[in-house]
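This is run_17.cif (mmCIF, C-alpha atoms).
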```cif
data_target
loop_
_atom_site.label_atom_id
_atom_site.label_comp_id
_atom_site.auth_asym_id
_atom_site.auth_seq_id
_atom_site.Cartn_x
_atom_site.Cartn_y
_atom_site.Cartn_z
CA MET A 1 67.24 -3.38 -1.05
CA ILE A 2 67.17 -6.95 0.14
CA PRO A 3 67.13 -8.06 3.78
CA ALA A 4 70.06 -9.93 5.33
CA LYS A 5 69.70 -13.72 5.33
CA PHE A 6 67.34 -15.36 7.78
CA ASP A 7 65.58 -18.66 8.32
CA TYR A 8 61.83 -18.79 7.90
CA GLU A 9 59.21 -20.97 9.54
CA ARG A 10 55.46 -20.91 9.21
CA PRO A 11 53.92 -22.61 12.25
CA SER A 12 50.37 -23.92 12.12
CA SER A 13 49.52 -23.18 15.75
CA LEU A 14 50.25 -20.57 18.38
CA SER A 15 52.02 -23.09 20.62
CA GLU A 16 54.27 -24.15 17.75
CA ALA A 17 55.05 -20.48 17.06
CA ILE A 18 55.99 -19.89 20.70
CA SER A 19 58.27 -22.93 20.83
CA LEU A 20 59.95 -21.86 17.58
CA LEU A 21 60.56 -18.41 19.08
CA SER A 22 61.87 -19.90 22.35
CA SER A 23 64.31 -22.20 20.59
CA GLY A 24 65.24 -19.58 18.00
CA GLY A 25 67.22 -17.43 20.42
CA PRO A 26 67.17 -13.68 21.00
CA ASP A 27 67.21 -12.78 17.31
CA ALA A 28 64.12 -14.75 16.37
CA ARG A 29 61.16 -12.51 15.58
CA PRO A 30 57.50 -13.11 14.82
CA ILE A 31 56.13 -11.62 11.62
CA ALA A 32 52.56 -11.26 10.33
CA GLY A 33 51.82 -8.50 7.81
CA GLY A 34 55.45 -7.42 8.04
CA HIS A 35 54.72 -3.73 7.56
CA SER A 36 56.74 -2.67 10.58
CA LEU A 37 59.51 -5.27 10.40
CA LEU A 38 60.21 -5.68 6.67
CA PRO A 39 60.99 -2.00 6.04
CA LEU A 40 63.60 -2.14 8.82
CA MET A 41 64.98 -5.44 7.53
CA ARG A 42 65.39 -4.04 4.03
CA LEU A 43 67.42 -1.17 5.45
CA ARG A 44 69.25 -3.80 7.56
CA LEU A 45 68.44 -1.82 10.68
CA SER A 46 66.93 -5.09 11.87
CA ARG A 47 68.61 -8.44 11.15
CA PRO A 48 66.62 -11.28 12.70
CA THR A 49 68.11 -14.74 12.26
CA LEU A 50 64.72 -16.46 12.24
CA LEU A 51 61.31 -15.21 11.19
CA VAL A 52 58.35 -17.07 12.62
CA ASP A 53 55.46 -16.20 10.31
CA ILE A 54 52.21 -16.21 12.28
CA GLY A 55 50.31 -14.69 9.34
CA GLY A 56 48.57 -18.00 8.68
CA LEU A 57 47.09 -18.32 12.18
CA SER A 58 43.73 -17.06 10.98
CA ASP A 59 42.01 -17.70 14.32
CA LEU A 60 43.93 -14.64 15.58
CA ARG A 61 42.15 -12.40 13.07
CA TYR A 62 38.89 -11.14 14.60
CA VAL A 63 37.02 -8.29 16.24
CA ARG A 64 34.27 -9.36 18.62
CA GLU A 65 32.12 -7.96 21.37
CA ASP A 66 32.73 -9.44 24.78
CA GLY A 67 30.28 -7.87 27.23
CA ASP A 68 31.40 -4.32 27.90
CA HIS A 69 34.68 -4.91 26.05
CA LEU A 70 35.76 -5.47 22.49
CA ALA A 71 38.35 -8.11 21.80
CA ILE A 72 40.63 -7.54 18.83
CA GLY A 73 42.79 -10.38 17.54
CA ALA A 74 46.42 -9.53 16.85
CA LEU A 75 46.06 -10.37 13.16
CA ALA A 76 43.19 -7.95 12.52
CA THR A 77 44.47 -5.66 9.77
CA HIS A 78 44.18 -1.90 9.95
CA ASP A 79 41.61 -2.20 7.17
CA ASP A 80 39.61 -4.71 9.27
CA LEU A 81 39.63 -2.22 12.16
CA ALA A 82 38.56 0.68 9.95
CA ARG A 83 35.54 -1.30 8.72
CA SER A 84 34.55 -3.23 11.83
CA ALA A 85 30.84 -2.70 12.54
CA GLU A 86 31.40 -3.67 16.19
CA LEU A 87 34.13 -1.07 16.64
CA LEU A 88 32.31 1.64 14.69
CA ASP A 89 29.32 1.05 16.93
CA ARG A 90 30.97 0.77 20.34
CA CYS A 91 34.54 2.07 20.15
CA ALA A 92 34.75 4.40 17.17
CA LEU A 93 38.15 5.76 18.15
CA ILE A 94 39.92 2.64 16.86
CA PRO A 95 38.45 2.82 13.31
CA CYS A 96 39.01 6.59 13.32
CA VAL A 97 42.73 6.03 13.95
CA ALA A 98 43.07 2.91 11.79
CA GLU A 99 41.73 4.56 8.65
CA GLN A 100 44.51 7.16 8.91
CA ILE A 101 47.37 4.66 9.10
CA GLY A 102 49.69 4.59 6.08
CA ASP A 103 47.76 4.09 2.86
CA PRO A 104 45.25 1.51 1.57
CA GLN A 105 47.96 -1.01 0.58
CA VAL A 106 49.56 -0.74 4.02
CA ARG A 107 46.19 -1.09 5.74
CA HIS A 108 45.46 -4.26 3.75
CA ARG A 109 48.57 -5.98 5.15
CA GLY A 110 49.55 -4.28 8.40
CA THR A 111 48.11 -5.73 11.61
CA ILE A 112 47.27 -4.20 14.98
CA GLY A 113 49.41 -6.78 16.76
CA GLY A 114 52.49 -6.02 14.69
CA SER A 115 52.04 -2.29 14.92
CA VAL A 116 51.61 -2.33 18.70
CA ALA A 117 54.41 -4.83 19.35
CA HIS A 118 56.74 -2.67 17.25
CA ALA A 119 56.23 0.21 19.75
CA ASP A 120 57.25 2.96 17.36
CA PRO A 121 56.60 6.28 19.17
CA ALA A 122 55.36 7.77 15.87
CA SER A 123 52.90 4.93 15.27
CA ASP A 124 49.20 5.81 15.34
CA LEU A 125 47.44 3.10 17.34
CA PRO A 126 49.48 3.03 20.58
CA ALA A 127 48.23 6.40 21.87
CA ALA A 128 44.66 5.28 21.17
CA LEU A 129 45.26 2.17 23.28
CA MET A 130 46.60 4.42 26.06
CA VAL A 131 43.50 6.61 26.13
CA LEU A 132 41.26 3.55 26.04
CA ASP A 133 43.09 1.90 28.97
CA ALA A 134 43.48 -1.14 26.72
CA GLU A 135 44.71 -4.49 27.93
CA ILE A 136 47.29 -6.29 25.84
CA ILE A 137 47.40 -10.07 26.01
CA ALA A 138 50.60 -11.92 25.21
CA HIS A 139 51.27 -15.66 25.07
CA GLY A 140 54.69 -17.10 25.89
CA SER A 141 56.21 -20.36 27.12
CA ASN A 142 54.64 -19.67 30.53
CA GLY A 143 51.16 -19.18 29.13
CA PRO A 144 49.17 -15.98 28.66
CA ARG A 145 49.50 -12.75 30.61
CA THR A 146 47.83 -9.38 30.45
CA VAL A 147 49.71 -6.09 30.35
CA LEU A 148 48.04 -2.68 30.59
CA ALA A 149 48.77 -0.40 27.64
CA THR A 150 50.19 2.11 30.13
CA ASP A 151 52.84 -0.45 31.16
CA PHE A 152 53.35 -1.98 27.73
CA PHE A 153 55.19 0.85 25.97
CA GLN A 154 58.58 1.27 27.62
CA GLY A 155 60.60 3.37 25.18
CA PRO A 156 61.21 3.83 21.45
CA PHE A 157 60.71 0.38 19.87
CA MET A 158 60.74 -1.18 23.37
CA SER A 159 57.77 -2.99 24.82
CA ALA A 160 57.01 -5.24 27.77
CA LEU A 161 57.00 -8.29 25.46
CA GLU A 162 59.55 -11.00 26.23
CA PRO A 163 61.49 -12.42 23.26
CA ASP A 164 59.44 -15.62 23.23
CA GLU A 165 56.09 -13.88 23.68
CA ILE A 166 53.54 -13.21 20.97
CA LEU A 167 50.94 -10.48 21.28
CA THR A 168 47.64 -12.27 20.67
CA GLU A 169 44.79 -9.96 21.63
CA ILE A 170 43.96 -6.39 22.53
CA ARG A 171 40.96 -5.67 24.73
CA VAL A 172 39.39 -2.24 24.78
CA PRO A 173 36.37 -1.09 26.80
CA ALA A 174 33.27 -0.12 24.84
CA ARG A 175 32.86 3.65 24.86
CA ASP A 176 29.24 3.93 23.92
CA GLY A 177 28.27 7.55 23.34
CA TRP A 178 31.81 8.98 23.63
CA GLY A 179 33.00 11.21 20.81
CA SER A 180 36.38 10.53 19.29
CA SER A 181 38.94 12.12 17.02
CA TYR A 182 42.45 11.55 15.77
CA GLN A 183 44.33 14.58 14.49
CA LYS A 184 47.52 13.63 12.71
CA PHE A 185 49.93 16.30 11.56
CA GLN A 186 52.15 15.22 8.70
CA ARG A 187 53.91 16.98 5.87
CA ARG A 188 52.88 14.54 3.14
CA ALA A 189 50.18 11.92 2.73
CA GLN A 190 51.18 8.58 4.30
CA ASP A 191 54.03 10.13 6.35
CA TRP A 192 54.41 9.29 10.00
CA ALA A 193 52.76 11.72 12.40
CA ILE A 194 55.06 14.58 13.37
CA VAL A 195 52.55 14.99 16.19
CA GLY A 196 49.28 13.14 16.67
CA VAL A 197 46.48 13.82 19.14
CA THR A 198 43.88 11.26 20.09
CA ALA A 199 40.78 12.49 21.88
CA LEU A 200 37.99 10.60 23.58
CA ILE A 201 35.34 12.92 24.99
CA GLU A 202 32.15 12.35 26.94
CA SER A 203 29.80 15.27 27.06
CA GLY A 204 26.48 16.22 28.52
CA ASP A 205 26.17 19.61 30.12
CA GLY A 206 29.74 20.49 29.12
CA ILE A 207 32.57 17.98 29.02
CA THR A 208 32.08 15.21 31.58
CA GLY A 209 34.95 12.92 30.64
CA ALA A 210 38.13 13.35 28.62
CA ALA A 211 41.09 11.23 27.61
CA ILE A 212 43.82 12.78 25.45
CA GLY A 213 46.66 10.78 23.93
CA LEU A 214 49.81 12.15 22.33
CA THR A 215 51.74 10.51 19.49
CA ASN A 216 55.40 11.25 18.82
CA MET A 217 55.66 13.66 21.74
CA GLY A 218 58.05 11.37 23.65
CA GLY A 219 59.72 7.96 23.51
CA THR A 220 56.37 6.31 24.22
CA PRO A 221 52.80 7.36 23.59
CA LEU A 222 51.65 9.70 26.36
CA ARG A 223 48.49 10.76 28.16
CA ALA A 224 48.08 14.51 28.57
CA THR A 225 46.64 14.18 32.08
CA ALA A 226 46.75 17.89 32.97
CA VAL A 227 44.78 18.65 29.80
CA GLU A 228 42.27 15.91 30.57
CA GLN A 229 41.63 17.26 34.09
CA ALA A 230 41.23 20.81 32.82
CA LEU A 231 38.84 19.74 30.05
CA VAL A 232 36.33 18.18 32.42
CA GLY A 233 33.78 20.81 33.30
CA SER A 234 34.66 23.15 30.45
CA SER A 235 31.89 23.91 28.04
CA ASP A 236 33.09 26.53 25.58
CA PRO A 237 36.02 27.01 23.17
CA ASP A 238 37.82 29.31 25.63
CA GLY A 239 37.74 26.61 28.27
CA VAL A 240 39.01 24.04 25.79
CA ALA A 241 41.78 26.39 24.67
CA ALA A 242 42.87 26.99 28.26
CA ALA A 243 42.90 23.24 28.86
CA ALA A 244 44.89 22.59 25.65
CA ALA A 245 47.58 25.03 26.77
CA LYS A 246 48.30 22.72 29.71
CA VAL A 247 49.92 20.24 27.30
CA ALA A 248 53.19 22.04 28.13
CA GLU A 249 53.10 20.22 31.48
CA ILE A 250 54.26 16.99 29.79
CA GLY A 251 57.78 18.49 29.69
CA THR A 252 60.04 18.83 26.67
CA PRO A 253 59.09 16.72 23.64
CA PRO A 254 61.84 15.47 21.31
CA ALA A 255 63.33 17.61 18.55
CA ASP A 256 64.23 16.15 15.15
CA GLU A 257 64.50 17.15 11.49
CA ASN A 258 60.73 17.63 11.28
CA ALA A 259 60.09 19.76 14.34
CA SER A 260 61.75 21.49 17.27
CA SER A 261 60.45 20.81 20.79
CA GLU A 262 58.71 24.18 20.85
CA TYR A 263 57.02 23.54 17.51
CA ARG A 264 55.86 20.11 18.71
CA LEU A 265 54.24 21.68 21.77
CA HIS A 266 52.59 24.29 19.56
CA LEU A 267 51.27 21.58 17.22
CA ALA A 268 49.98 19.51 20.11
CA GLU A 269 48.10 22.46 21.56
CA VAL A 270 46.46 23.29 18.23
CA LEU A 271 45.66 19.64 17.48
CA ILE A 272 44.10 19.12 20.93
CA LYS A 273 41.69 21.99 20.24
CA ARG A 274 40.80 20.51 16.85
CA ALA A 275 40.45 17.00 18.24
CA VAL A 276 38.17 18.07 21.08
CA ALA A 277 36.05 20.12 18.68
CA GLU A 278 35.67 17.15 16.34
CA ALA A 279 34.96 14.74 19.19
CA LEU A 280 32.22 17.07 20.43
CA SER A 281 30.64 17.55 17.01
CA MET B 1 65.60 -22.26 -0.07
CA LYS B 2 61.88 -22.69 0.50
CA PRO B 3 59.47 -24.22 -1.99
CA ILE B 4 56.48 -22.03 -2.76
CA SER B 5 53.41 -22.37 -4.94
CA VAL B 6 51.83 -19.10 -5.99
CA ASN B 7 48.98 -18.43 -8.37
CA VAL B 8 49.96 -15.48 -10.54
CA ASN B 9 47.40 -14.17 -13.03
CA GLY B 10 45.63 -17.52 -13.03
CA PHE B 11 48.73 -19.67 -13.53
CA GLN B 12 50.18 -21.77 -10.73
CA HIS B 13 53.93 -21.26 -10.30
CA GLU B 14 56.08 -23.64 -8.26
CA ALA B 15 59.48 -22.26 -7.29
CA ASP B 16 62.25 -22.43 -4.73
CA VAL B 17 63.04 -19.06 -3.19
CA GLU B 18 65.35 -17.70 -0.55
CA PRO B 19 63.20 -16.54 2.39
CA ARG B 20 64.52 -13.01 1.94
CA THR B 21 63.29 -12.77 -1.65
CA LEU B 22 60.74 -9.98 -1.92
CA LEU B 23 57.55 -10.70 -3.84
CA VAL B 24 58.36 -7.98 -6.38
CA HIS B 25 61.73 -9.59 -7.16
CA PHE B 26 60.09 -13.00 -7.46
CA LEU B 27 57.55 -11.61 -9.94
CA ARG B 28 60.09 -9.71 -12.02
CA GLU B 29 63.11 -11.98 -11.96
CA GLN B 30 61.82 -15.51 -11.43
CA ILE B 31 58.54 -15.33 -13.33
CA GLY B 32 59.62 -12.62 -15.75
CA LEU B 33 56.63 -10.33 -15.21
CA THR B 34 58.35 -6.96 -15.38
CA GLY B 35 55.17 -4.86 -15.52
CA THR B 36 55.37 -4.43 -11.76
CA ASN B 37 57.91 -1.68 -11.21
CA ILE B 38 60.27 -1.05 -8.33
CA GLY B 39 60.28 2.62 -7.45
CA CYS B 40 61.30 3.64 -3.97
CA ASP B 41 61.82 0.22 -2.40
CA THR B 42 60.69 1.73 0.91
CA SER B 43 56.92 0.98 0.88
CA SER B 44 56.19 4.58 -0.07
CA CYS B 45 55.67 5.02 -3.80
CA GLY B 46 53.27 2.23 -4.72
CA ALA B 47 54.88 1.52 -8.13
CA CYS B 48 55.06 -2.17 -7.13
CA THR B 49 51.36 -2.46 -6.19
CA VAL B 50 49.82 -5.83 -7.07
CA LEU B 51 46.67 -7.57 -5.88
CA MET B 52 47.04 -10.28 -3.25
CA ASN B 53 43.81 -12.26 -3.03
CA GLY B 54 42.13 -9.36 -4.79
CA ARG B 55 43.35 -6.53 -2.60
CA SER B 56 46.14 -4.05 -3.27
CA VAL B 57 49.49 -4.60 -1.53
CA LYS B 58 52.99 -3.27 -2.09
CA ALA B 59 55.04 -6.16 -3.48
CA CYS B 60 58.26 -4.67 -2.08
CA THR B 61 56.90 -5.22 1.44
CA VAL B 62 55.76 -8.81 1.09
CA LEU B 63 58.13 -11.75 1.14
CA ALA B 64 57.73 -14.23 -1.69
CA VAL B 65 57.37 -16.97 0.95
CA GLN B 66 54.41 -15.06 2.38
CA ALA B 67 52.69 -15.35 -1.00
CA ASP B 68 52.89 -19.16 -0.84
CA GLY B 69 49.39 -20.53 -1.42
CA GLN B 70 48.03 -17.08 -2.27
CA SER B 71 46.72 -15.58 -5.45
CA ILE B 72 48.51 -12.62 -7.03
CA THR B 73 47.34 -10.39 -9.88
CA THR B 74 49.79 -8.13 -11.67
CA VAL B 75 49.14 -5.56 -14.37
CA GLU B 76 49.78 -8.31 -16.96
CA GLY B 77 46.76 -10.15 -15.57
CA LEU B 78 44.24 -7.31 -15.88
CA ALA B 79 43.23 -7.86 -19.50
CA GLU B 80 40.85 -10.75 -20.17
CA ASN B 81 40.60 -12.56 -23.51
CA GLY B 82 42.64 -9.84 -25.17
CA GLU B 83 40.29 -7.10 -23.88
CA TRP B 84 41.75 -4.39 -21.70
CA HIS B 85 40.30 -3.93 -18.23
CA ALA B 86 38.07 -0.86 -17.90
CA VAL B 87 40.77 0.78 -15.78
CA GLN B 88 43.39 0.22 -18.49
CA ARG B 89 41.08 1.67 -21.14
CA ALA B 90 40.31 4.69 -18.96
CA PHE B 91 44.00 5.42 -18.29
CA HIS B 92 44.53 5.28 -22.07
CA GLU B 93 41.54 7.45 -22.93
CA ALA B 94 41.99 10.04 -20.18
CA HIS B 95 45.77 10.00 -20.67
CA GLY B 96 46.30 9.07 -17.04
CA LEU B 97 50.06 8.97 -17.38
CA GLN B 98 53.08 10.99 -18.33
CA CYS B 99 56.28 8.94 -18.13
CA GLY B 100 54.29 5.81 -17.29
CA PHE B 101 56.49 4.46 -14.51
CA CYS B 102 53.85 4.70 -11.78
CA THR B 103 51.06 3.56 -14.09
CA PRO B 104 50.95 -0.19 -13.34
CA GLY B 105 50.84 0.54 -9.60
CA MET B 106 48.23 3.28 -10.07
CA MET B 107 46.04 0.92 -12.07
CA MET B 108 46.33 -1.95 -9.59
CA ALA B 109 45.52 0.37 -6.66
CA SER B 110 42.55 1.69 -8.64
CA VAL B 111 41.23 -1.78 -9.52
CA SER B 112 41.39 -2.75 -5.84
CA TYR B 113 39.71 0.47 -4.73
CA LEU B 114 36.88 0.40 -7.26
CA LYS B 115 35.91 -3.03 -5.95
CA GLU B 116 35.53 -1.49 -2.48
CA ASN B 117 33.85 1.69 -3.69
CA PRO B 118 32.38 1.43 -7.22
CA SER B 119 31.18 5.05 -7.40
CA PRO B 120 33.70 7.29 -5.64
CA SER B 121 33.86 11.07 -5.60
CA GLU B 122 36.94 12.86 -6.89
CA GLY B 123 38.10 13.50 -3.32
CA GLU B 124 37.70 9.84 -2.44
CA VAL B 125 39.79 8.80 -5.43
CA ARG B 126 42.56 11.18 -4.41
CA LEU B 127 42.55 9.74 -0.89
CA ALA B 128 42.45 6.16 -2.19
CA LEU B 129 45.59 6.80 -4.25
CA GLU B 130 47.57 8.32 -1.36
CA GLY B 131 49.87 5.30 -1.42
CA ASN B 132 50.88 5.87 -5.04
CA LEU B 133 53.24 8.62 -6.10
CA CYS B 134 53.51 10.10 -9.60
CA ARG B 135 56.76 12.02 -9.81
CA CYS B 136 55.64 13.66 -13.05
CA THR B 137 52.86 15.01 -10.77
CA GLY B 138 50.31 13.97 -13.36
CA TYR B 139 47.64 13.30 -10.78
CA HIS B 140 44.89 15.27 -12.46
CA ASN B 141 44.42 12.90 -15.39
CA ILE B 142 45.04 9.85 -13.20
CA VAL B 143 42.10 10.85 -11.01
CA LYS B 144 40.05 11.56 -14.14
CA ALA B 145 40.92 8.10 -15.47
CA VAL B 146 39.76 6.38 -12.29
CA LEU B 147 36.47 8.31 -12.34
CA THR B 148 36.03 7.43 -16.04
CA ALA B 149 36.67 3.76 -15.30
CA ALA B 150 34.14 3.83 -12.45
CA GLU B 151 31.47 5.23 -14.78
CA GLU B 152 32.28 2.74 -17.49
CA MET B 153 32.17 -0.19 -15.07
CA ALA B 154 28.83 1.04 -13.66
CA ASP B 155 27.40 1.32 -17.20
CA ALA B 156 28.67 -2.14 -18.07
CA SER B 157 27.12 -3.74 -15.01
CA ALA B 158 23.84 -1.84 -15.59
CA GLY B 159 23.94 -3.54 -18.92
#
```
What is this structure when it is put down as structure tokens?
Amino acid sequence: MIPAKFDYERPSSLSEAISLLSSGGPDARPIAGGHSLLPLMRLRLSRPTLLVDIGGLSDLRYVREDGDHLAIGALATHDDLARSAELLDRCALIPCVAEQIGDPQVRHRGTIGGSVAHADPASDLPAALMVLDAEIIAHGSNGPRTVLATDFFQGPFMSALEPDEILTEIRVPARDGWGSSYQKFQRRAQDWAIVGVTALIESGDGITGAAIGLTNMGGTPLRATAVEQALVGSSDPDGVAAAAAKVAEIGTPPADENASSEYRLHLAEVLIKRAVAEALS
Amino acid sequence: MKPISVNVNGFQHEADVEPRTLLVHFLREQIGLTGTNIGCDTSSCGACTVLMNGRSVKACTVLAVQADGQSITTVEGLAENGEWHAVQRAFHEAHGLQCGFCTPGMMMASVSYLKENPSPSEGEVRLALEGNLCRCTGYHNIVKAVLTAAEEMADASAG
């Protein structure tokens, strides 16, 4: 399967990339690793007229500590995230999720910027950015702006990015001492998550802080806020189980060929219990 | 058409390609290296796995223009001076194949992985090959082959 025809440019700077996107019209798209876009283009579900390849802008590939935050360049690959000493040390949730994305070949090419900009509700990283209260930085013709992860994801494959904007950096707060887990339910290795649960837990005498993210339980990644509130203060498996049951308060998740709404809620409840247990261990 | 210059198995290739040409088609049809197979064409099966700058990628999900200036290794480039690579020998010795269609991709994924983790456990090998499907389901000997290759490479480097 071969994509429909398109023009291709490889800019040597971010500003050149933005001006190419601005002049390229609504069907111009940036590409880096291409592991979200190329599969859609081969199926001709996506037919951009111009690809602006930012894969060579190597100054956008980094993970660095910035005070009480970590700054992740858009071109950091999933493999970079999985191995980053800075992230493993101060925000282990990101490597924990990244190492479960796709397969090794996909992780060698796919980038965090591409994956997040693609805004696929079944994608693994977006829910992690939601629970981390991440900030997403985009550059466009009017300069840079910052969007909170909670405002960034607007619907299936819809984000707050304007057509001429390029996602350049993701900033996450350090979560020193927090436990983390990503539980991904799939039928086969390398499948998309039928349901995914991301947990970030702070504990002392019982659970003192909790953030729970849900993948593929709606058109965007979600926070299970009722579960989070119920988890704080609980200290035994019964308390965690009672809190997990509150996932039903998110409403009715989507049904598709992999799972009915009821089954998705069941999976989410089970996966929350597993995720909290792992994050506490 | 876009001009590209790609190093494939140590040889520099200059070519004009349509931007939509996938790397796997460039390798097979323009350079004539047909060892890299096309299986699913949906980034799932890993039959088209090659090394890009030493690391495994699926050549059906890379544009040929994105390989411009990069270095690609295909299964044809594994042997050196007429000597099979340890991974090739191990797949032969442990019979890590049935029909053979997935084999080039399995070997390239294994070569990439053993550079990252030279002494993996059986479980780690299985996880490392999650991006490669064998529809004969001959995984048992494939995993054995990768473990054999790891031992052989460790012995060789110990000298």
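One distance worth recording is that between CA of Ala138 (chain A) and CA of Asp79 (chain A), which is 22.4 Å.
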Take the PyMOL selection byres ((chain B) within 7 of (chain A)), apply it to the structure above, and return the hits as a PyMOL selection string.
-> chain B and resi 19-20+41-42+56-58+61+128+130-131
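The spacing separating CA of Gly209 (chain A) from CA of Gly239 (chain A) amounts to 14.2 Å.
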Can you pull out every residue within 12 Å of Gln154 (chain A), counting only C-alpha atoms, but drop anything in the same chain fewer than 6 positions away, and send it as a PDB file with C-alpha atoms, in the coordinates of the input?
```
ATOM      1  CA  VAL A 116      51.610  -2.330  18.700  1.00  0.00           C
ATOM      2  CA  ALA A 117      54.410  -4.830  19.350  1.00  0.00           C
ATOM      3  CA  HIS A 118      56.740  -2.670  17.250  1.00  0.00           C
ATOM      4  CA  ALA A 119      56.230   0.210  19.750  1.00  0.00           C
ATOM      5  CA  ASP A 120      57.250   2.960  17.360  1.00  0.00           C
ATOM      6  CA  PRO A 121      56.600   6.280  19.170  1.00  0.00           C
ATOM      7  CA  PRO A 126      49.480   3.030  20.580  1.00  0.00           C
ATOM      8  CA  VAL A 147      49.710  -6.090  30.350  1.00  0.00           C
ATOM      9  CA  LEU A 148      48.040  -2.680  30.590  1.00  0.00           C
ATOM     10  CA  ALA A 160      57.010  -5.240  27.770  1.00  0.00           C
ATOM     11  CA  LEU A 161      57.000  -8.290  25.460  1.00  0.00           C
ATOM     12  CA  GLY A 218      58.050  11.370  23.650  1.00  0.00           C
ATOM     13  CA  GLY A 219      59.720   7.960  23.510  1.00  0.00           C
ATOM     14  CA  THR A 220      56.370   6.310  24.220  1.00  0.00           C
ATOM     15  CA  PRO A 221      52.800   7.360  23.590  1.00  0.00           C
ATOM     16  CA  LEU A 222      51.650   9.700  26.360  1.00  0.00           C
TER      17      LEU A 222
END
```
Evaluate the PyMOL selection byres ((chain A and resi 228-238) around 7) on the structure here and hand back the selected residues as a PyMOL selection string.
-> chain A and resi 206-212+224-227+239-243
Could you please take those selected residues and save C-alpha atoms as a PDB file, in the frame of the given file?
```pdb
ATOM      1  CA  GLY A 206      29.740  20.490  29.120  1.00  0.00           C
ATOM      2  CA  ILE A 207      32.570  17.980  29.020  1.00  0.00           C
ATOM      3  CA  THR A 208      32.080  15.210  31.580  1.00  0.00           C
ATOM      4  CA  GLY A 209      34.950  12.920  30.640  1.00  0.00           C
ATOM      5  CA  ALA A 210      38.130  13.350  28.620  1.00  0.00           C
ATOM      6  CA  ALA A 211      41.090  11.230  27.610  1.00  0.00           C
ATOM      7  CA  ILE A 212      43.820  12.780  25.450  1.00  0.00           C
ATOM      8  CA  ALA A 224      48.080  14.510  28.570  1.00  0.00           C
ATOM      9  CA  THR A 225      46.640  14.180  32.080  1.00  0.00           C
ATOM     10  CA  ALA A 226      46.750  17.890  32.970  1.00  0.00           C
ATOM     11  CA  VAL A 227      44.780  18.650  29.800  1.00  0.00           C
ATOM     12  CA  GLY A 239      37.740  26.610  28.270  1.00  0.00           C
ATOM     13  CA  VAL A 240      39.010  24.040  25.790  1.00  0.00           C
ATOM     14  CA  ALA A 241      41.780  26.390  24.670  1.00  0.00           C
ATOM     15  CA  ALA A 242      42.870  26.990  28.260  1.00  0.00           C
ATOM     16  CA  ALA A 243      42.900  23.240  28.860  1.00  0.00           C
TER      17      ALA A 243
END
```
Pick out the residues sitting within 7 Å of Ala64 (chain B), and hand them over as a VMD selection string; count all atoms listed in the file, and ignore anything fewer than 5 positions along from it in its own chain.
-> chain B and resid 21 to 23 26
Would you export the selected residues with C-alpha atoms as a PDB file, in the frame of the given file, please?
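That gives us result_8.pdb:
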```
ATOM      1  CA  THR B  21      63.290 -12.770  -1.650  1.00  0.00           C
ATOM      2  CA  LEU B  22      60.740  -9.980  -1.920  1.00  0.00           C
ATOM      3  CA  LEU B  23      57.550 -10.700  -3.840  1.00  0.00           C
ATOM      4  CA  PHE B  26      60.090 -13.000  -7.460  1.00  0.00           C
TER       5      PHE B  26
END
```
Explicit residues for the PyMOL selection byres ((chain A and resi 267) around 12) (as an MDAnalysis selection string) = chainID A and resid 183:186 193:197 214:217 244:245 247:248 253 258:266 268:275
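Coordinates place CA of Lys115 (chain B) at a distance of 18.5 Å from CA of Leu81 (chain A).
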Name all residues at most 10 Å from region 84-101 of chain B (count only C-alpha atoms; drop same-chain ones fewer than 6 positions away) and give them as an MDAnalysis selection string.
-> chainID B and resid 35:39 47 75 77:78 107:108 110:111 114 133:153 156
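Of the listed residues A:Ala128, A:Val52, A:Ala149, A:Ala71, the one whose atoms come nearest to Thr168 (chain A) is A:Ala71, with distances taken using all atoms listed in the file.
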Within 12 Å of Leu33 (chain B) using all atoms listed in the file, minus same-chain residues under 4 positions, as an MDAnalysis selection string | chainID B and resid 8:9 23:29 37 48 50 72:77 104
Just-selected residues, C-alpha atoms written as a PDB file, in the frame of the given file:
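Saved file again12.pdb follows:
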```
ATOM      1  CA  VAL B   8      49.960 -15.480 -10.540  1.00  0.00           C
ATOM      2  CA  ASN B   9      47.400 -14.170 -13.030  1.00  0.00           C
ATOM      3  CA  LEU B  23      57.550 -10.700  -3.840  1.00  0.00           C
ATOM      4  CA  VAL B  24      58.360  -7.980  -6.380  1.00  0.00           C
ATOM      5  CA  HIS B  25      61.730  -9.590  -7.160  1.00  0.00           C
ATOM      6  CA  PHE B  26      60.090 -13.000  -7.460  1.00  0.00           C
ATOM      7  CA  LEU B  27      57.550 -11.610  -9.940  1.00  0.00           C
ATOM      8  CA  ARG B  28      60.090  -9.710 -12.020  1.00  0.00           C
ATOM      9  CA  GLU B  29      63.110 -11.980 -11.960  1.00  0.00           C
ATOM     10  CA  ASN B  37      57.910  -1.680 -11.210  1.00  0.00           C
ATOM     11  CA  CYS B  48      55.060  -2.170  -7.130  1.00  0.00           C
ATOM     12  CA  VAL B  50      49.820  -5.830  -7.070  1.00  0.00           C
ATOM     13  CA  ILE B  72      48.510 -12.620  -7.030  1.00  0.00           C
ATOM     14  CA  THR B  73      47.340 -10.390  -9.880  1.00  0.00           C
ATOM     15  CA  THR B  74      49.790  -8.130 -11.670  1.00  0.00           C
ATOM     16  CA  VAL B  75      49.140  -5.560 -14.370  1.00  0.00           C
ATOM     17  CA  GLU B  76      49.780  -8.310 -16.960  1.00  0.00           C
ATOM     18  CA  GLY B  77      46.760 -10.150 -15.570  1.00  0.00           C
ATOM     19  CA  PRO B 104      50.950  -0.190 -13.340  1.00  0.00           C
TER      20      PRO B 104
END
```
